[in-house]
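Peer 1: Sharing coords.txt, compact mmCIF, N, CA and C atoms:
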# COMPACT_ATOMS: atom_id res chain seq x y z
N MET A 23 -24.43 -5.24 -52.83
CA MET A 23 -23.99 -6.00 -51.67
C MET A 23 -24.88 -5.62 -50.49
N ASP A 24 -25.08 -6.55 -49.61
CA ASP A 24 -25.93 -6.37 -48.44
C ASP A 24 -25.32 -5.32 -47.50
N PRO A 25 -26.11 -4.32 -47.03
CA PRO A 25 -25.54 -3.30 -46.14
C PRO A 25 -25.06 -3.86 -44.80
N TYR A 26 -25.63 -4.97 -44.34
CA TYR A 26 -25.19 -5.54 -43.06
C TYR A 26 -23.80 -6.13 -43.15
N TYR A 27 -23.37 -6.44 -44.36
CA TYR A 27 -22.05 -7.01 -44.57
C TYR A 27 -20.97 -6.06 -44.05
N TRP A 28 -21.14 -4.77 -44.30
CA TRP A 28 -20.14 -3.77 -43.93
C TRP A 28 -20.10 -3.51 -42.43
N TRP A 29 -21.13 -3.87 -41.70
CA TRP A 29 -21.15 -3.64 -40.24
C TRP A 29 -20.71 -4.88 -39.48
N GLY A 30 -20.15 -5.84 -40.14
CA GLY A 30 -19.58 -6.99 -39.46
C GLY A 30 -20.45 -8.22 -39.49
N TRP A 31 -21.71 -8.11 -39.90
CA TRP A 31 -22.59 -9.27 -39.90
C TRP A 31 -22.16 -10.29 -40.94
N GLY A 32 -21.46 -9.86 -41.99
CA GLY A 32 -21.08 -10.75 -43.06
C GLY A 32 -19.95 -11.69 -42.68
N HIS A 33 -19.26 -11.42 -41.60
CA HIS A 33 -18.13 -12.26 -41.19
C HIS A 33 -18.37 -12.85 -39.81
N GLY A 34 -19.55 -13.26 -39.51
CA GLY A 34 -19.83 -13.85 -38.20
C GLY A 34 -19.61 -12.84 -37.09
N PHE A 35 -20.19 -11.71 -37.19
CA PHE A 35 -20.13 -10.58 -36.27
C PHE A 35 -18.83 -9.80 -36.37
N GLY A 36 -17.88 -10.23 -37.12
CA GLY A 36 -16.67 -9.48 -37.42
C GLY A 36 -16.17 -8.57 -36.31
N TRP A 37 -16.22 -7.27 -36.56
CA TRP A 37 -15.68 -6.28 -35.63
C TRP A 37 -16.69 -5.79 -34.60
N MET A 38 -17.86 -6.31 -34.60
CA MET A 38 -18.90 -5.80 -33.70
C MET A 38 -18.55 -6.02 -32.23
N TRP A 39 -17.70 -6.97 -31.92
CA TRP A 39 -17.31 -7.23 -30.54
C TRP A 39 -16.21 -6.29 -30.07
N PHE A 40 -15.51 -5.64 -30.99
CA PHE A 40 -14.34 -4.84 -30.66
C PHE A 40 -14.67 -3.61 -29.83
N PHE A 41 -15.63 -2.81 -30.25
CA PHE A 41 -15.93 -1.55 -29.56
C PHE A 41 -16.52 -1.76 -28.16
N PRO A 42 -17.41 -2.72 -27.96
CA PRO A 42 -17.86 -2.96 -26.57
C PRO A 42 -16.72 -3.42 -25.66
N LEU A 43 -15.77 -4.18 -26.17
CA LEU A 43 -14.63 -4.61 -25.35
C LEU A 43 -13.73 -3.42 -25.00
N VAL A 44 -13.52 -2.53 -25.94
CA VAL A 44 -12.73 -1.34 -25.67
C VAL A 44 -13.43 -0.48 -24.61
N PHE A 45 -14.73 -0.30 -24.76
CA PHE A 45 -15.50 0.47 -23.79
C PHE A 45 -15.42 -0.16 -22.40
N LEU A 46 -15.56 -1.47 -22.33
CA LEU A 46 -15.47 -2.18 -21.06
C LEU A 46 -14.08 -2.03 -20.43
N ALA A 47 -13.04 -2.13 -21.24
CA ALA A 47 -11.68 -1.99 -20.72
C ALA A 47 -11.45 -0.59 -20.16
N VAL A 48 -11.94 0.43 -20.85
CA VAL A 48 -11.79 1.80 -20.36
C VAL A 48 -12.54 1.98 -19.05
N CYS A 49 -13.74 1.44 -18.96
CA CYS A 49 -14.52 1.54 -17.72
C CYS A 49 -13.82 0.83 -16.57
N LEU A 50 -13.28 -0.34 -16.82
CA LEU A 50 -12.58 -1.09 -15.77
C LEU A 50 -11.33 -0.35 -15.30
N LEU A 51 -10.59 0.23 -16.22
CA LEU A 51 -9.41 1.00 -15.84
C LEU A 51 -9.79 2.21 -14.99
N PHE A 52 -10.84 2.90 -15.38
CA PHE A 52 -11.30 4.06 -14.63
C PHE A 52 -11.73 3.65 -13.23
N MET A 53 -12.51 2.57 -13.12
CA MET A 53 -13.00 2.13 -11.82
C MET A 53 -11.87 1.63 -10.94
N SER A 54 -10.90 0.93 -11.51
CA SER A 54 -9.79 0.44 -10.69
C SER A 54 -8.96 1.62 -10.18
N GLY A 55 -8.85 2.65 -10.97
CA GLY A 55 -8.14 3.85 -10.51
C GLY A 55 -8.85 4.54 -9.38
N MET A 56 -10.16 4.48 -9.37
CA MET A 56 -10.94 5.13 -8.32
C MET A 56 -10.93 4.30 -7.03
N PHE A 57 -10.97 2.98 -7.13
CA PHE A 57 -11.12 2.15 -5.95
C PHE A 57 -9.81 1.69 -5.33
N PHE A 58 -8.74 1.67 -6.09
CA PHE A 58 -7.50 1.11 -5.58
C PHE A 58 -6.42 2.14 -5.34
N ARG A 59 -6.82 3.40 -5.20
CA ARG A 59 -5.85 4.43 -4.84
C ARG A 59 -5.50 4.27 -3.38
N LYS A 60 -4.24 4.37 -3.07
CA LYS A 60 -3.80 4.27 -1.68
C LYS A 60 -2.97 5.49 -1.35
N GLY A 61 -3.28 6.09 -0.20
CA GLY A 61 -2.49 7.22 0.26
C GLY A 61 -2.73 8.50 -0.50
N ARG A 62 -3.79 8.58 -1.26
CA ARG A 62 -4.11 9.79 -1.99
C ARG A 62 -5.43 10.34 -1.49
N MET A 63 -5.57 11.62 -1.58
CA MET A 63 -6.82 12.24 -1.18
C MET A 63 -7.78 12.20 -2.36
N GLY A 64 -9.06 12.28 -2.10
CA GLY A 64 -10.06 12.29 -3.15
C GLY A 64 -10.88 11.03 -3.12
N PRO A 65 -11.76 10.85 -4.09
CA PRO A 65 -12.62 9.68 -4.11
C PRO A 65 -11.81 8.40 -4.17
N GLY A 66 -12.16 7.46 -3.33
CA GLY A 66 -11.48 6.18 -3.33
C GLY A 66 -10.15 6.19 -2.60
N GLY A 67 -9.65 7.38 -2.31
CA GLY A 67 -8.38 7.49 -1.60
C GLY A 67 -8.61 7.23 -0.13
N GLY A 68 -7.79 7.74 0.66
CA GLY A 68 -7.97 7.57 2.07
C GLY A 68 -7.07 8.52 2.82
N GLU A 69 -7.31 8.62 4.08
CA GLU A 69 -6.47 9.45 4.92
C GLU A 69 -5.13 8.76 5.10
N GLU A 70 -4.11 9.54 5.30
CA GLU A 70 -2.79 9.00 5.55
C GLU A 70 -2.79 8.40 6.96
N SER A 71 -2.20 7.24 7.14
CA SER A 71 -2.20 6.59 8.45
C SER A 71 -1.30 7.37 9.42
N ALA A 72 -1.56 7.17 10.70
CA ALA A 72 -0.76 7.85 11.73
C ALA A 72 0.70 7.45 11.62
N ARG A 73 0.96 6.18 11.33
CA ARG A 73 2.34 5.70 11.20
C ARG A 73 3.02 6.37 10.01
N ALA A 74 2.31 6.53 8.91
CA ALA A 74 2.89 7.18 7.73
C ALA A 74 3.21 8.64 8.02
N ILE A 75 2.34 9.31 8.76
CA ILE A 75 2.59 10.71 9.14
C ILE A 75 3.82 10.79 10.03
N LEU A 76 3.91 9.86 11.00
CA LEU A 76 5.07 9.83 11.91
C LEU A 76 6.36 9.59 11.13
N ASP A 77 6.34 8.63 10.22
CA ASP A 77 7.52 8.35 9.41
C ASP A 77 7.93 9.56 8.58
N ARG A 78 6.95 10.23 8.00
CA ARG A 78 7.23 11.41 7.19
C ARG A 78 7.83 12.53 8.03
N ARG A 79 7.28 12.76 9.22
CA ARG A 79 7.80 13.81 10.09
C ARG A 79 9.24 13.51 10.52
N TYR A 80 9.54 12.25 10.80
CA TYR A 80 10.91 11.87 11.17
C TYR A 80 11.85 12.07 9.99
N ALA A 81 11.40 11.67 8.83
CA ALA A 81 12.24 11.82 7.63
C ALA A 81 12.52 13.29 7.31
N LYS A 82 11.57 14.16 7.58
CA LYS A 82 11.76 15.59 7.32
C LYS A 82 12.59 16.28 8.40
N GLY A 83 12.82 15.56 9.51
CA GLY A 83 13.61 16.16 10.59
C GLY A 83 12.79 16.99 11.56
N GLU A 84 11.48 16.86 11.51
CA GLU A 84 10.61 17.62 12.41
C GLU A 84 10.67 17.09 13.84
N ILE A 85 10.99 15.80 13.97
CA ILE A 85 11.13 15.19 15.29
C ILE A 85 12.44 14.41 15.33
N ASN A 86 12.99 14.27 16.55
CA ASN A 86 14.24 13.53 16.66
C ASN A 86 13.96 12.04 16.86
N LYS A 87 15.04 11.26 16.93
CA LYS A 87 14.90 9.81 17.01
C LYS A 87 14.18 9.38 18.29
N GLN A 88 14.48 10.02 19.41
CA GLN A 88 13.84 9.66 20.67
C GLN A 88 12.33 9.90 20.60
N GLN A 89 11.94 11.06 20.08
CA GLN A 89 10.51 11.36 19.94
C GLN A 89 9.85 10.36 19.00
N TYR A 90 10.54 10.04 17.91
CA TYR A 90 10.01 9.09 16.94
C TYR A 90 9.75 7.74 17.59
N GLU A 91 10.75 7.24 18.33
CA GLU A 91 10.60 5.93 18.98
C GLU A 91 9.47 5.94 20.00
N GLU A 92 9.35 7.02 20.78
CA GLU A 92 8.26 7.12 21.77
C GLU A 92 6.90 7.11 21.10
N MET A 93 6.76 7.90 20.06
CA MET A 93 5.47 8.00 19.35
C MET A 93 5.14 6.68 18.64
N LYS A 94 6.16 6.05 18.09
CA LYS A 94 5.94 4.77 17.40
C LYS A 94 5.49 3.71 18.41
N HIS A 95 6.12 3.70 19.58
CA HIS A 95 5.73 2.75 20.62
C HIS A 95 4.28 3.01 21.07
N ALA A 96 3.92 4.29 21.20
CA ALA A 96 2.56 4.66 21.61
C ALA A 96 1.53 4.20 20.56
N LEU A 97 1.88 4.31 19.30
CA LEU A 97 0.96 3.89 18.23
C LEU A 97 0.78 2.38 18.21
N GLU A 98 1.84 1.65 18.50
CA GLU A 98 1.77 0.19 18.46
C GLU A 98 1.07 -0.40 19.67
N ALA A 99 0.96 0.38 20.74
CA ALA A 99 0.32 -0.12 21.97
C ALA A 99 -1.19 -0.16 21.85
Here is the file; what I need is its structure written in the form of structure tokens.

Peer 2:
Amino acid sequence: MDPYYWWGWGHGFGWMWFFPLVFLAVCLLFMSGMFFRKGRMGPGGGEESARAILDRRYAKGEINKQQYEEMKHALEA
């Protein structure tokens, strides 16, 4: 039997398309993870916004409601 038959050539390229598609899918998943991270540190991430920091501090009880409202108003101005 022809050796090319076993590598997929005997069935109109058979499985030869499978491995490049798997490789492409893995690359796309890796790249999307790097570019679409939000609120995380590291490559593709970003700094936490001032509003997010303010919200977190209020939620933790580090600042009271009056301070929160003043700071929020200052950020929106």

Peer 1: Have a look at atom CA of Lys94 of chain A and atom CA of Asp77 of chain A and let me know their distance in Å, one decimal.

Peer 2: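 A separation of 8.9 Å between them.
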
Peer 1: For a cutoff of 12 Å around the file-coordinate point (10.0, 10.8, 15.2), which residues qualify once you count only C-alpha atoms? I'd like the result as a VMD selection string.

Peer 2: chain A and resid 72 to 97

Peer 1: What does the distance from atom CA of Trp39 of chain A to atom CA of Ser54 of chain A come to in Å, to one decimal?

Peer 2: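 Going from atom CA of Trp39 of chain A over to atom CA of Ser54 of chain A, I get 22.6 Å.
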
Peer 1: Go ahead and compute the interatomic distance for atom CA of Glu98 of chain A and atom C of Met56 of chain A, in Å to one decimal.

Peer 2: 28.8 Å
